[in-house]
file data16.cif (mmCIF, C-alpha atoms)
data_protein
#
loop_
_atom_site.label_atom_id
_atom_site.label_comp_id
_atom_site.auth_asym_id
_atom_site.auth_seq_id
_atom_site.Cartn_x
_atom_site.Cartn_y
_atom_site.Cartn_z
CA MET A 869 -10.67 13.18 -36.28
CA TRP A 870 -11.77 10.62 -33.69
CA CYS A 871 -13.66 13.32 -31.80
CA HIS A 872 -15.90 13.81 -34.84
CA ARG A 873 -16.43 10.07 -35.31
CA LEU A 874 -17.26 9.51 -31.63
CA SER A 875 -19.67 12.42 -31.72
CA HIS A 876 -21.37 10.90 -34.76
CA LEU A 877 -21.61 7.48 -33.14
CA GLN A 878 -23.08 8.97 -29.98
CA SER A 879 -25.70 10.86 -31.98
CA SER A 880 -26.63 7.71 -33.93
CA LEU A 881 -26.94 5.72 -30.72
CA GLN A 882 -29.26 8.33 -29.24
CA ASP A 883 -31.41 8.17 -32.36
CA LEU A 884 -31.65 4.39 -32.10
CA LEU A 885 -32.63 4.64 -28.43
CA ARG A 886 -35.41 7.05 -29.40
CA GLY A 887 -36.69 4.46 -31.88
CA ARG A 888 -35.65 6.42 -34.94
CA VAL A 889 -34.24 4.49 -37.89
CA ILE A 890 -31.71 6.42 -39.88
CA CYS A 891 -29.72 5.17 -42.83
CA TRP A 892 -26.14 4.67 -41.56
CA ALA A 893 -24.55 5.37 -44.92
CA LEU A 894 -26.15 8.82 -45.09
CA GLN A 895 -24.88 9.73 -41.62
CA GLN A 896 -21.26 8.70 -42.09
CA PRO A 897 -18.68 11.42 -42.69
CA SER A 898 -16.94 11.07 -45.99
CA PHE A 899 -13.88 8.85 -46.13
CA ASN A 900 -11.91 11.53 -47.93
CA SER A 901 -12.57 14.08 -45.19
CA LEU A 902 -11.28 11.72 -42.52
CA PHE A 903 -8.29 10.39 -44.44
CA PRO A 904 -7.15 12.99 -46.96
CA LEU A 905 -5.23 11.47 -49.80
CA ALA A 906 -2.92 14.42 -50.31
CA VAL A 907 -0.34 14.99 -47.56
CA HIS A 908 0.92 18.56 -47.73
CA TRP A 909 4.01 19.68 -45.87
CA HIS A 910 4.76 23.37 -45.37
CA HIS A 911 8.47 24.24 -45.63
CA THR A 912 10.21 27.45 -44.67
CA ALA A 913 12.26 29.55 -47.03
CA SER A 914 16.03 29.10 -46.96
CA LYS A 915 16.60 32.30 -44.94
CA TYR A 916 14.58 30.87 -42.02
CA PRO A 917 15.50 27.95 -39.72
CA ASN A 918 15.08 24.51 -41.25
CA CYS A 919 11.46 23.92 -40.32
CA ALA A 920 8.51 22.05 -41.81
CA TRP A 921 5.03 21.31 -40.55
CA GLN A 922 1.89 19.46 -41.46
CA GLN A 923 -1.67 19.97 -40.25
CA HIS A 924 -3.52 16.74 -39.49
CA GLU A 925 -7.18 16.41 -38.54
CA ASP A 926 -6.51 16.26 -34.79
CA HIS A 927 -2.85 17.23 -34.32
CA PHE A 928 -0.02 19.38 -35.61
CA GLU A 929 3.23 17.76 -36.75
CA LEU A 930 6.43 19.82 -36.63
CA GLN A 931 9.94 19.05 -37.90
CA TYR A 932 12.54 21.32 -36.34
CA ALA A 933 15.98 21.04 -34.68
CA ASN A 934 16.38 17.46 -35.96
CA THR A 935 13.24 16.46 -34.07
CA VAL A 936 9.84 15.37 -35.32
CA MET A 937 7.19 16.49 -32.83
CA ARG A 938 3.45 15.97 -32.51
CA PHE A 939 1.16 18.42 -30.71
CA ASP A 940 -2.55 17.91 -30.12
CA TYR A 941 -4.52 21.02 -31.03
CA VAL A 942 -6.22 21.00 -27.62
CA TRP A 943 -2.81 21.09 -25.94
CA LEU A 944 -1.65 23.95 -28.15
CA ARG A 945 -4.75 26.02 -27.44
CA ASP A 946 -4.58 25.27 -23.71
CA HIS A 947 -0.92 26.37 -23.54
CA CYS A 948 -1.43 29.71 -25.19
CA ARG A 949 0.76 32.34 -23.51
CA SER A 950 -1.18 35.41 -24.61
CA ALA A 951 -2.14 38.01 -21.98
CA SER A 952 -5.75 36.82 -21.93
CA CYS A 953 -4.81 33.17 -21.40
CA TYR A 954 -1.73 33.33 -19.16
CA ASN A 955 -0.68 35.53 -16.24
CA SER A 956 3.02 36.18 -16.80
CA LYS A 957 3.40 37.74 -13.32
CA THR A 958 2.16 34.67 -11.44
CA HIS A 959 3.19 32.17 -14.17
CA GLN A 960 -0.28 30.63 -13.97
CA ARG A 961 -2.90 29.80 -16.58
CA SER A 962 -5.90 32.14 -16.89
CA LEU A 963 -7.67 30.15 -19.59
CA ASP A 964 -10.32 27.68 -18.41
CA THR A 965 -9.16 24.37 -19.87
CA ALA A 966 -12.72 23.00 -19.80
CA SER A 967 -13.77 25.77 -22.19
CA VAL A 968 -11.51 24.48 -24.97
CA ASP A 969 -13.37 22.55 -27.66
CA LEU A 970 -11.95 19.01 -27.71
CA CYS A 971 -12.24 18.99 -31.51
CA ILE A 972 -10.61 22.37 -31.99
CA LYS A 973 -8.23 22.96 -34.92
CA PRO A 974 -6.65 26.17 -36.21
CA LYS A 975 -8.02 28.05 -39.18
CA THR A 976 -4.56 29.14 -40.32
CA VAL A 977 -0.92 28.57 -39.38
CA ARG A 978 1.96 30.78 -40.47
CA LEU A 979 5.63 31.19 -39.61
CA ASP A 980 7.41 34.50 -39.06
CA GLU A 981 11.16 33.87 -38.65
CA THR A 982 11.24 31.61 -35.53
CA THR A 983 7.65 32.06 -34.36
CA LEU A 984 4.57 30.07 -35.36
CA PHE A 985 1.21 31.89 -35.35
CA PHE A 986 -2.00 29.89 -34.92
CA THR A 987 -5.34 31.56 -35.65
CA TRP A 988 -8.20 29.69 -33.95
CA PRO A 989 -11.86 29.52 -35.12
CA ASP A 990 -12.91 32.34 -32.75
CA GLY A 991 -10.21 34.62 -34.19
CA HIS A 992 -7.85 34.29 -31.20
CA VAL A 993 -4.17 34.21 -32.22
CA THR A 994 -1.56 32.18 -30.34
CA ARG A 995 2.16 32.50 -30.97
CA TYR A 996 4.70 29.76 -30.24
CA ASP A 997 8.46 30.14 -30.37
CA LEU A 998 9.98 27.15 -32.16
CA ASP A 999 12.55 26.53 -29.41
CA TRP A 1000 9.78 26.69 -26.78
CA LEU A 1001 7.88 23.99 -28.64
CA VAL A 1002 10.96 21.76 -28.74
CA GLN A 1003 11.60 22.24 -25.02
CA ASN A 1004 8.01 21.43 -24.11
CA SER A 1005 7.30 18.64 -26.58
CA TYR A 1006 7.16 15.03 -25.49
CA GLU A 1007 9.78 14.15 -28.09
CA GLY A 1008 12.09 16.92 -26.85
CA GLN A 1009 11.66 15.87 -23.21
CA LYS A 1010 12.67 12.30 -24.08
CA GLN A 1011 16.04 13.60 -25.31
CA LYS A 1012 16.58 15.88 -22.31
CA VAL A 1013 18.27 15.03 -19.00
CA VAL A 1014 16.52 16.70 -16.08
CA GLN A 1015 19.51 16.56 -13.71
CA PRO A 1016 23.03 15.81 -15.02
CA ARG A 1017 25.02 13.70 -12.55
CA ILE A 1018 28.49 12.29 -12.07
CA LEU A 1019 28.19 8.68 -10.91
CA TRP A 1020 30.94 7.54 -8.58
CA ASN A 1021 32.49 4.84 -6.48
CA ALA A 1022 35.34 5.25 -3.99
CA GLU A 1023 38.04 5.41 -6.67
CA ILE A 1024 36.19 7.88 -8.89
CA TYR A 1025 35.30 10.20 -6.01
CA GLN A 1026 38.80 10.21 -4.54
CA GLN A 1027 40.35 10.95 -7.94
CA ALA A 1028 37.90 13.81 -8.50
CA GLN A 1029 39.21 15.56 -5.37
CA VAL A 1030 35.95 17.45 -4.89
CA PRO A 1031 36.75 20.41 -2.62
CA SER A 1032 34.75 21.15 0.50
CA VAL A 1033 33.43 24.66 1.20
CA ASP A 1034 34.36 26.75 4.23
CA PHE A 1035 31.44 27.61 6.51
CA GLN A 1036 31.97 31.39 6.41
CA SER A 1037 32.30 31.40 2.63
CA PHE A 1038 29.19 29.23 2.33
CA LEU A 1039 27.18 31.48 4.63
CA GLU A 1040 28.35 34.92 3.46
CA THR A 1041 29.16 34.64 -0.26
CA ASN A 1042 27.20 33.55 -3.30
CA GLU A 1043 30.33 31.91 -4.68
CA GLY A 1044 30.60 29.63 -1.66
CA LEU A 1045 26.92 28.67 -1.93
CA LYS A 1046 27.30 28.12 -5.67
CA ASN A 1047 30.30 25.78 -5.20
CA PHE A 1048 28.40 23.76 -2.61
CA LEU A 1049 25.28 23.42 -4.78
CA GLU A 1050 27.30 22.45 -7.85
CA ASN A 1051 29.02 19.66 -5.89
CA PHE A 1052 25.75 18.50 -4.40
CA LEU A 1053 23.81 18.42 -7.67
CA LEU A 1054 26.58 16.62 -9.56
CA TYR A 1055 27.68 14.10 -6.93
CA GLY A 1056 24.70 13.93 -4.58
CA ILE A 1057 26.90 14.81 -1.59
CA ALA A 1058 28.78 17.95 -0.53
CA PHE A 1059 30.80 18.99 2.50
CA VAL A 1060 30.98 22.21 4.51
CA GLU A 1061 33.87 22.44 6.97
CA ASN A 1062 34.55 24.49 10.11
CA VAL A 1063 30.90 24.68 11.15
CA PRO A 1064 30.64 25.58 14.86
CA PRO A 1065 29.29 22.50 16.73
CA THR A 1066 25.94 24.01 17.72
CA GLN A 1067 22.40 23.41 16.53
CA GLU A 1068 21.99 27.14 15.89
CA HIS A 1069 24.85 27.27 13.37
CA THR A 1070 23.74 24.02 11.75
CA GLU A 1071 20.26 25.48 11.34
CA LYS A 1072 21.69 28.60 9.67
CA LEU A 1073 23.56 26.37 7.23
CA ALA A 1074 20.43 24.34 6.42
CA GLU A 1075 18.27 27.43 5.90
CA ARG A 1076 20.88 28.78 3.47
CA ILE A 1077 20.03 25.82 1.24
CA SER A 1078 16.28 25.50 1.59
CA LEU A 1079 13.30 25.44 3.94
CA ILE A 1080 13.59 22.98 6.82
CA ARG A 1081 10.90 20.32 6.79
CA GLU A 1082 8.89 19.39 9.87
CA THR A 1083 9.02 15.67 10.80
CA ILE A 1084 8.02 13.39 13.68
CA TYR A 1085 11.49 14.11 15.12
CA GLY A 1086 11.10 17.88 14.78
CA ARG A 1087 12.80 20.23 12.33
CA MET A 1088 16.31 19.59 13.69
CA TRP A 1089 17.42 17.20 16.40
CA TYR A 1090 20.33 15.51 18.14
CA PHE A 1091 20.66 11.76 18.12
CA THR A 1092 23.06 9.36 19.77
CA SER A 1093 23.05 5.72 20.92
CA ASP A 1094 20.66 6.15 23.87
CA PHE A 1095 17.56 4.47 22.36
CA SER A 1096 15.48 7.53 23.13
CA ARG A 1097 13.58 6.82 19.91
CA GLY A 1098 12.45 3.51 18.41
CA ASP A 1099 15.01 3.44 15.62
CA THR A 1100 18.23 1.51 15.01
CA ALA A 1101 20.03 4.83 14.52
CA TYR A 1102 19.64 5.40 18.26
CA THR A 1103 21.49 2.17 19.14
CA LYS A 1104 25.11 1.07 18.96
CA LEU A 1105 24.32 -1.30 16.10
CA ALA A 1106 25.97 -0.57 12.75
CA LEU A 1107 23.73 0.83 10.03
CA ASP A 1108 24.17 -0.70 6.60
CA ARG A 1109 23.72 1.19 3.33
CA HIS A 1110 20.27 2.78 3.15
CA THR A 1111 18.28 5.90 2.36
CA ASP A 1112 16.36 7.65 5.13
CA THR A 1113 12.64 8.47 5.43
CA THR A 1114 11.57 5.70 3.03
CA TYR A 1115 8.39 5.47 5.14
CA PHE A 1116 7.41 9.03 4.19
CA GLN A 1117 5.02 9.36 1.26
CA GLU A 1118 7.54 11.90 -0.05
CA PRO A 1119 11.05 11.05 1.23
CA CYS A 1120 13.42 13.87 2.10
CA GLY A 1121 15.28 15.33 -0.87
CA ILE A 1122 18.22 16.86 1.02
CA GLN A 1123 19.51 15.75 4.41
CA VAL A 1124 21.99 17.71 6.49
CA PHE A 1125 24.18 15.88 9.00
CA HIS A 1126 26.55 17.70 11.34
CA CYS A 1127 29.09 14.97 12.09
CA LEU A 1128 31.42 15.53 15.04
CA LYS A 1129 34.91 14.13 15.45
CA HIS A 1130 35.55 12.01 18.52
CA GLU A 1131 38.36 10.19 20.24
CA GLY A 1132 38.02 6.45 19.97
CA THR A 1133 36.79 3.84 17.52
CA GLY A 1134 33.51 3.43 15.65
CA GLY A 1135 31.18 6.07 14.34
CA ARG A 1136 32.46 5.84 10.80
CA THR A 1137 30.38 7.51 8.08
CA LEU A 1138 29.64 5.30 5.08
CA LEU A 1139 28.65 6.99 1.83
CA VAL A 1140 27.46 5.13 -1.28
CA ASP A 1141 26.25 6.42 -4.65
CA GLY A 1142 23.01 4.50 -5.11
CA PHE A 1143 22.64 5.98 -8.61
CA TYR A 1144 25.94 4.35 -9.56
CA ALA A 1145 24.67 0.98 -8.30
CA ALA A 1146 21.38 1.47 -10.15
CA GLU A 1147 23.30 2.15 -13.36
CA GLN A 1148 25.15 -1.14 -12.87
CA VAL A 1149 21.81 -2.93 -12.58
CA LEU A 1150 20.58 -1.23 -15.76
CA GLN A 1151 23.69 -2.26 -17.70
CA LYS A 1152 23.98 -5.82 -16.38
CA ALA A 1153 20.34 -6.77 -15.85
CA PRO A 1154 17.88 -4.34 -17.50
CA GLU A 1155 14.92 -6.62 -16.70
CA GLU A 1156 15.74 -6.36 -13.00
CA PHE A 1157 16.02 -2.57 -13.28
CA ASP A 1158 12.59 -2.52 -14.86
CA LEU A 1159 11.20 -4.59 -12.00
CA LEU A 1160 12.78 -2.37 -9.32
CA SER A 1161 11.25 0.69 -11.00
CA LYS A 1162 7.74 -0.77 -11.27
CA VAL A 1163 7.01 -2.83 -8.16
CA PRO A 1164 5.83 -0.68 -5.23
CA LEU A 1165 7.19 -1.73 -1.84
CA LYS A 1166 5.80 -0.82 1.55
CA HIS A 1167 8.24 0.81 3.98
CA GLU A 1168 7.03 0.98 7.56
CA TYR A 1169 8.11 2.75 10.74
CA ILE A 1170 6.57 1.62 14.04
CA GLU A 1171 7.63 3.38 17.21
CA ASN A 1172 6.45 2.83 20.77
CA VAL A 1173 9.16 4.23 23.04
CA GLY A 1174 8.39 6.51 25.97
CA GLU A 1175 6.02 9.22 24.83
CA CYS A 1176 6.70 8.57 21.14
CA HIS A 1177 4.00 6.55 19.40
CA ASN A 1178 4.19 6.66 15.61
CA HIS A 1179 3.18 4.38 12.78
CA MET A 1180 4.09 5.61 9.31
CA ILE A 1181 3.88 3.85 5.94
CA GLY A 1182 5.36 4.97 2.64
CA VAL A 1183 4.75 3.09 -0.59
CA GLY A 1184 6.85 3.26 -3.75
CA PRO A 1185 9.34 1.36 -5.90
CA VAL A 1186 13.02 1.14 -4.99
CA LEU A 1187 13.97 3.04 -8.14
CA ASN A 1188 11.76 6.00 -9.12
CA ILE A 1189 12.16 7.14 -12.73
CA TYR A 1190 10.63 9.82 -14.94
CA PRO A 1191 8.27 8.01 -17.34
CA TRP A 1192 9.18 10.09 -20.40
CA ASN A 1193 12.97 9.57 -20.43
CA LYS A 1194 13.52 6.76 -17.86
CA GLU A 1195 15.84 9.00 -15.82
CA LEU A 1196 16.30 7.94 -12.21
CA TYR A 1197 15.48 10.69 -9.69
CA LEU A 1198 14.76 8.99 -6.33
CA ILE A 1199 15.79 5.83 -4.48
CA ARG A 1200 13.84 4.21 -1.63
CA PHE A 1201 16.19 1.63 -0.14
CA SER A 1202 16.15 0.52 3.49
CA LYS A 1203 16.26 -3.15 4.37
CA GLU A 1204 15.42 -2.28 7.98
CA LYS A 1205 12.24 -0.37 7.12
CA GLN A 1206 11.08 -2.50 4.20
CA ASN A 1207 7.91 -4.51 4.83
CA MET A 1208 6.91 -7.80 3.20
CA VAL A 1209 7.02 -7.97 -0.60
CA SER A 1210 3.57 -8.82 -1.92
CA ARG A 1211 3.52 -12.18 -3.70
CA GLN A 1212 0.93 -10.97 -6.22
CA TRP A 1213 3.64 -9.23 -8.23
CA SER A 1214 5.49 -12.47 -8.89
CA SER A 1215 2.62 -13.83 -10.95
CA SER A 1216 1.79 -10.59 -12.74
CA LEU A 1217 5.30 -9.73 -13.95
CA GLN A 1218 7.26 -11.93 -16.34
CA SER A 1219 10.62 -11.57 -14.64
CA SER A 1220 12.49 -12.56 -11.52
CA SER A 1221 10.65 -12.29 -8.23
CA PRO A 1222 10.83 -8.93 -6.43
CA GLU A 1223 12.62 -10.64 -3.53
CA SER A 1224 15.50 -11.97 -5.64
CA THR A 1225 15.77 -8.69 -7.57
CA LEU A 1226 15.97 -6.71 -4.34
CA ILE A 1227 18.66 -9.06 -3.03
CA TYR A 1228 20.57 -8.55 -6.29
CA TYR A 1229 20.38 -4.76 -5.86
CA CYS A 1230 21.58 -5.12 -2.25
CA TYR A 1231 24.52 -7.12 -3.58
CA LEU A 1232 25.41 -4.42 -6.10
CA ILE A 1233 25.07 -1.73 -3.45
CA SER A 1234 27.54 -3.54 -1.20
CA GLU A 1235 29.93 -4.96 -3.79
CA THR A 1236 29.82 -3.05 -7.06
CA SER A 1237 29.54 0.49 -5.72
CA ASN A 1238 32.86 0.25 -3.84
CA GLU A 1239 31.72 2.66 -1.15
CA TYR A 1240 33.52 5.82 -0.05
CA ARG A 1241 34.24 6.03 3.67
CA GLU A 1242 34.91 9.13 5.73
CA SER A 1243 36.73 7.48 8.60
CA HIS A 1244 37.60 10.74 10.40
CA LEU A 1245 33.98 11.81 10.94
#
call {"tool": "encode", "arguments": {"input": "data16.cif", "output": "structure tokens"}}
result
Amino acid sequence: MWCHRLSHLQSSLQDLLRGRVICWALQQPSFNSLFPLAVHWHHTASKYPNCAWQQHEDHFELQYANTVMRFDYVWLRDHCRSASCYNSKTHQRSLDTASVDLCIKPKTVRLDETTLFFTWPDGHVTRYDLDWLVQNSYEGQKQKVVQPRILWNAEIYQQAQVPSVDFQSFLETNEGLKNFLENFLLYGIAFVENVPPTQEHTEKLAERISLIRETIYGRMWYFTSDFSRGDTAYTKLALDRHTDTTYFQEPCGIQVFHCLKHEGTGGRTLLVDGFYAAEQVLQKAPEEFDLLSKVPLKHEYIENVGECHNHMIGVGPVLNIYPWNKELYLIRFSKEKQNMVSRQWSSSLQSSSPESTLIYYCYLISETSNEYRESHL
């Protein structure tokens, strides 16, 4: 509808610029054509799924599976999965999106059992499965969780008694790999035991999960408290709760640590569920959660040790959420790597300052999460 009105306004403006005087009333589209008085819903027969739809001037409205959805006609045409528009072997679009008329609308729409058929002005027919439309609609995505998780603190994790996976089973059987991945996706951590203490075997384990990413440290590396690199991890100082590679533009998604037992004290592994802490922030102080998910912070890594000279900067909020359903998917949290918080955000956001909010999140990380410690590693 607005495409037609904008087109009309543009044409009228061009006429005025050419010095032509045209009666505005004669050029206006009729009010009835833009805002039809009769609203007509199409309902399916009782033998079909409970479905109803309505054709508007610029979008298609669908009621199905207890969800009311809106689809722009341009989007529907662009997402046609016919052989001429979509390559099912490569799962890539063949249709040139720029060729789709921005004011396109279907000539006819009909339903056959659970499939909607759209006939476009050029005679092309597109079919949409009703369930596919629900899964790919904005309204459907808002109700859908991308990654189910079990949030935990020390008590919850210990009571769950999540089993570790034996190295041979993990490496040689699909069942072992499946058990590991299920634990990892649900809890964010998973353990493989009896791995031979060599880099070669650790690399085999990592490649069983995914591709190994190249970094400034290499693909895989040893580290100990010898300060061979310009990082606190290479000292004897204790590391507080944090996430690694915050200074990457895209932080690592999965990290693999081969932790070795030793005789003596120190070297304890501290594990915290940052998603659990974030949920506490959301429940107790939703305004602070909103701030942590909106304000981008600069995380910086500067290294000048020996032959290693690196300066890396990654920018992003502490809590990264999907915009359509507000689901948390990534945390950037490292007090050591965090740079100054820009003061401009304090005046532009009607909430607590980013500094105080970050301190509050640090408090919840250390106090509320009730961390789980693996003292024997």
call {"tool": "resolve_selection", "arguments": {"input": "data16.cif", "expression": "the PyMOL selection byres ((chain A and resi 1165) around 7)", "output": "PDB file with C-alpha atoms, in the frame of the given file"}}
result
ATOM      1  CA  VAL A1163       7.010  -2.830  -8.160  1.00  0.00           C
ATOM      2  CA  PRO A1164       5.830  -0.680  -5.230  1.00  0.00           C
ATOM      3  CA  LYS A1166       5.800  -0.820   1.550  1.00  0.00           C
ATOM      4  CA  HIS A1167       8.240   0.810   3.980  1.00  0.00           C
ATOM      5  CA  VAL A1183       4.750   3.090  -0.590  1.00  0.00           C
ATOM      6  CA  GLY A1184       6.850   3.260  -3.750  1.00  0.00           C
ATOM      7  CA  PRO A1185       9.340   1.360  -5.900  1.00  0.00           C
ATOM      8  CA  VAL A1209       7.020  -7.970  -0.600  1.00  0.00           C
TER       9      VAL A1209
END
call {"tool": "atom_distance", "arguments": {"input": "data16.cif", "atom1": "CA of Val936 in chain A", "atom2": "CA of Asp980 in chain A"}}
result
19.6 Å
call {"tool": "atom_distance", "arguments": {"input": "data16.cif", "atom1": "CA of Asn1047 in chain A", "atom2": "CA of Leu1139 in chain A"}}
result
20.1 Å
call {"tool": "resolve_selection", "arguments": {"input": "data16.cif", "expression": "the PyMOL selection byres ((chain A and resi 1007-1018) around 10)", "output": "PyMOL selection string"}}
result
chain A and resi 933+935-939+999+1001-1006+1019-1020+1024-1025+1051-1056+1141+1143-1144+1190-1197
call {"tool": "write_last_selection", "arguments": {"input": "data16.cif", "atoms": "C-alpha atoms", "output": "PDB file, in the frame of the given file"}}
result
ATOM      1  CA  ALA A 933      15.980  21.040 -34.680  1.00  0.00           C
ATOM      2  CA  THR A 935      13.240  16.460 -34.070  1.00  0.00           C
ATOM      3  CA  VAL A 936       9.840  15.370 -35.320  1.00  0.00           C
ATOM      4  CA  MET A 937       7.190  16.490 -32.830  1.00  0.00           C
ATOM      5  CA  ARG A 938       3.450  15.970 -32.510  1.00  0.00           C
ATOM      6  CA  PHE A 939       1.160  18.420 -30.710  1.00  0.00           C
ATOM      7  CA  ASP A 999      12.550  26.530 -29.410  1.00  0.00           C
ATOM      8  CA  LEU A1001       7.880  23.990 -28.640  1.00  0.00           C
ATOM      9  CA  VAL A1002      10.960  21.760 -28.740  1.00  0.00           C
ATOM     10  CA  GLN A1003      11.600  22.240 -25.020  1.00  0.00           C
ATOM     11  CA  ASN A1004       8.010  21.430 -24.110  1.00  0.00           C
ATOM     12  CA  SER A1005       7.300  18.640 -26.580  1.00  0.00           C
ATOM     13  CA  TYR A1006       7.160  15.030 -25.490  1.00  0.00           C
ATOM     14  CA  LEU A1019      28.190   8.680 -10.910  1.00  0.00           C
ATOM     15  CA  TRP A1020      30.940   7.540  -8.580  1.00  0.00           C
ATOM     16  CA  ILE A1024      36.190   7.880  -8.890  1.00  0.00           C
ATOM     17  CA  TYR A1025      35.300  10.200  -6.010  1.00  0.00           C
ATOM     18  CA  ASN A1051      29.020  19.660  -5.890  1.00  0.00           C
ATOM     19  CA  PHE A1052      25.750  18.500  -4.400  1.00  0.00           C
ATOM     20  CA  LEU A1053      23.810  18.420  -7.670  1.00  0.00           C
ATOM     21  CA  LEU A1054      26.580  16.620  -9.560  1.00  0.00           C
ATOM     22  CA  TYR A1055      27.680  14.100  -6.930  1.00  0.00           C
ATOM     23  CA  GLY A1056      24.700  13.930  -4.580  1.00  0.00           C
ATOM     24  CA  ASP A1141      26.250   6.420  -4.650  1.00  0.00           C
ATOM     25  CA  PHE A1143      22.640   5.980  -8.610  1.00  0.00           C
ATOM     26  CA  TYR A1144      25.940   4.350  -9.560  1.00  0.00           C
ATOM     27  CA  TYR A1190      10.630   9.820 -14.940  1.00  0.00           C
ATOM     28  CA  PRO A1191       8.270   8.010 -17.340  1.00  0.00           C
ATOM     29  CA  TRP A1192       9.180  10.090 -20.400  1.00  0.00           C
ATOM     30  CA  ASN A1193      12.970   9.570 -20.430  1.00  0.00           C
ATOM     31  CA  LYS A1194      13.520   6.760 -17.860  1.00  0.00           C
ATOM     32  CA  GLU A1195      15.840   9.000 -15.820  1.00  0.00           C
ATOM     33  CA  LEU A1196      16.300   7.940 -12.210  1.00  0.00           C
ATOM     34  CA  TYR A1197      15.480  10.690  -9.690  1.00  0.00           C
TER      35      TYR A1197
END
call {"tool": "resolve_selection", "arguments": {"input": "data16.cif", "expression": "the PyMOL selection byres ((chain A and resi 1030-1038) around 6)", "output": "JSON, numbers by chain"}}
result
{"A": [1028, 1029, 1039, 1040, 1041, 1044, 1045, 1059, 1060, 1061, 1062, 1063]}
call {"tool": "decode", "arguments": {"input": "data16.cif", "residues": "range 1152-1196 of chain A", "atoms": "C-alpha atoms", "output": "PDB file, in the first residue's frame"}}
result
ATOM      1  CA  LYS A1152      16.453  -9.130  40.043  1.00  0.00           C
ATOM      2  CA  ALA A1153      17.347  -6.097  37.926  1.00  0.00           C
ATOM      3  CA  PRO A1154      15.940  -6.263  34.366  1.00  0.00           C
ATOM      4  CA  GLU A1155      17.043  -2.670  33.653  1.00  0.00           C
ATOM      5  CA  GLU A1156      20.638  -3.653  34.374  1.00  0.00           C
ATOM      6  CA  PHE A1157      20.316  -6.701  32.124  1.00  0.00           C
ATOM      7  CA  ASP A1158      19.080  -4.428  29.366  1.00  0.00           C
ATOM      8  CA  LEU A1159      22.078  -2.156  29.857  1.00  0.00           C
ATOM      9  CA  LEU A1160      24.574  -5.046  29.816  1.00  0.00           C
ATOM     10  CA  SER A1161      23.043  -6.279  26.559  1.00  0.00           C
ATOM     11  CA  LYS A1162      23.131  -2.889  24.808  1.00  0.00           C
ATOM     12  CA  VAL A1163      26.306  -1.060  25.814  1.00  0.00           C
ATOM     13  CA  PRO A1164      29.325  -2.148  23.743  1.00  0.00           C
ATOM     14  CA  LEU A1165      32.571  -2.445  25.698  1.00  0.00           C
ATOM     15  CA  LYS A1166      36.075  -2.479  24.296  1.00  0.00           C
ATOM     16  CA  HIS A1167      38.246  -5.455  25.277  1.00  0.00           C
ATOM     17  CA  GLU A1168      41.926  -5.051  24.505  1.00  0.00           C
ATOM     18  CA  TYR A1169      44.980  -7.311  24.413  1.00  0.00           C
ATOM     19  CA  ILE A1170      48.419  -5.683  24.215  1.00  0.00           C
ATOM     20  CA  GLU A1171      51.460  -7.930  24.111  1.00  0.00           C
ATOM     21  CA  ASN A1172      55.125  -6.995  23.831  1.00  0.00           C
ATOM     22  CA  VAL A1173      57.099  -9.955  25.143  1.00  0.00           C
ATOM     23  CA  GLY A1174      60.081 -11.394  23.302  1.00  0.00           C
ATOM     24  CA  GLU A1175      59.169 -11.867  19.665  1.00  0.00           C
ATOM     25  CA  CYS A1176      55.434 -11.554  20.333  1.00  0.00           C
ATOM     26  CA  HIS A1177      53.980  -8.162  19.468  1.00  0.00           C
ATOM     27  CA  ASN A1178      50.195  -8.112  19.265  1.00  0.00           C
ATOM     28  CA  HIS A1179      47.488  -5.527  19.761  1.00  0.00           C
ATOM     29  CA  MET A1180      43.935  -6.813  19.412  1.00  0.00           C
ATOM     30  CA  ILE A1181      40.616  -5.109  20.141  1.00  0.00           C
ATOM     31  CA  GLY A1182      37.180  -6.690  20.309  1.00  0.00           C
ATOM     32  CA  VAL A1183      34.031  -4.639  20.825  1.00  0.00           C
ATOM     33  CA  GLY A1184      30.682  -5.903  22.074  1.00  0.00           C
ATOM     34  CA  PRO A1185      28.305  -5.909  25.046  1.00  0.00           C
ATOM     35  CA  VAL A1186      28.839  -8.169  28.046  1.00  0.00           C
ATOM     36  CA  LEU A1187      25.604 -10.017  27.306  1.00  0.00           C
ATOM     37  CA  ASN A1188      24.837 -10.784  23.649  1.00  0.00           C
ATOM     38  CA  ILE A1189      21.196 -11.670  22.948  1.00  0.00           C
ATOM     39  CA  TYR A1190      19.139 -12.580  19.900  1.00  0.00           C
ATOM     40  CA  PRO A1191      16.989  -9.517  19.105  1.00  0.00           C
ATOM     41  CA  TRP A1192      13.848 -11.482  18.219  1.00  0.00           C
ATOM     42  CA  ASN A1193      13.448 -13.519  21.431  1.00  0.00           C
ATOM     43  CA  LYS A1194      15.959 -11.900  23.863  1.00  0.00           C
ATOM     44  CA  GLU A1195      17.745 -15.239  24.319  1.00  0.00           C
ATOM     45  CA  LEU A1196      21.303 -14.978  25.620  1.00  0.00           C
TER      46      LEU A1196
END
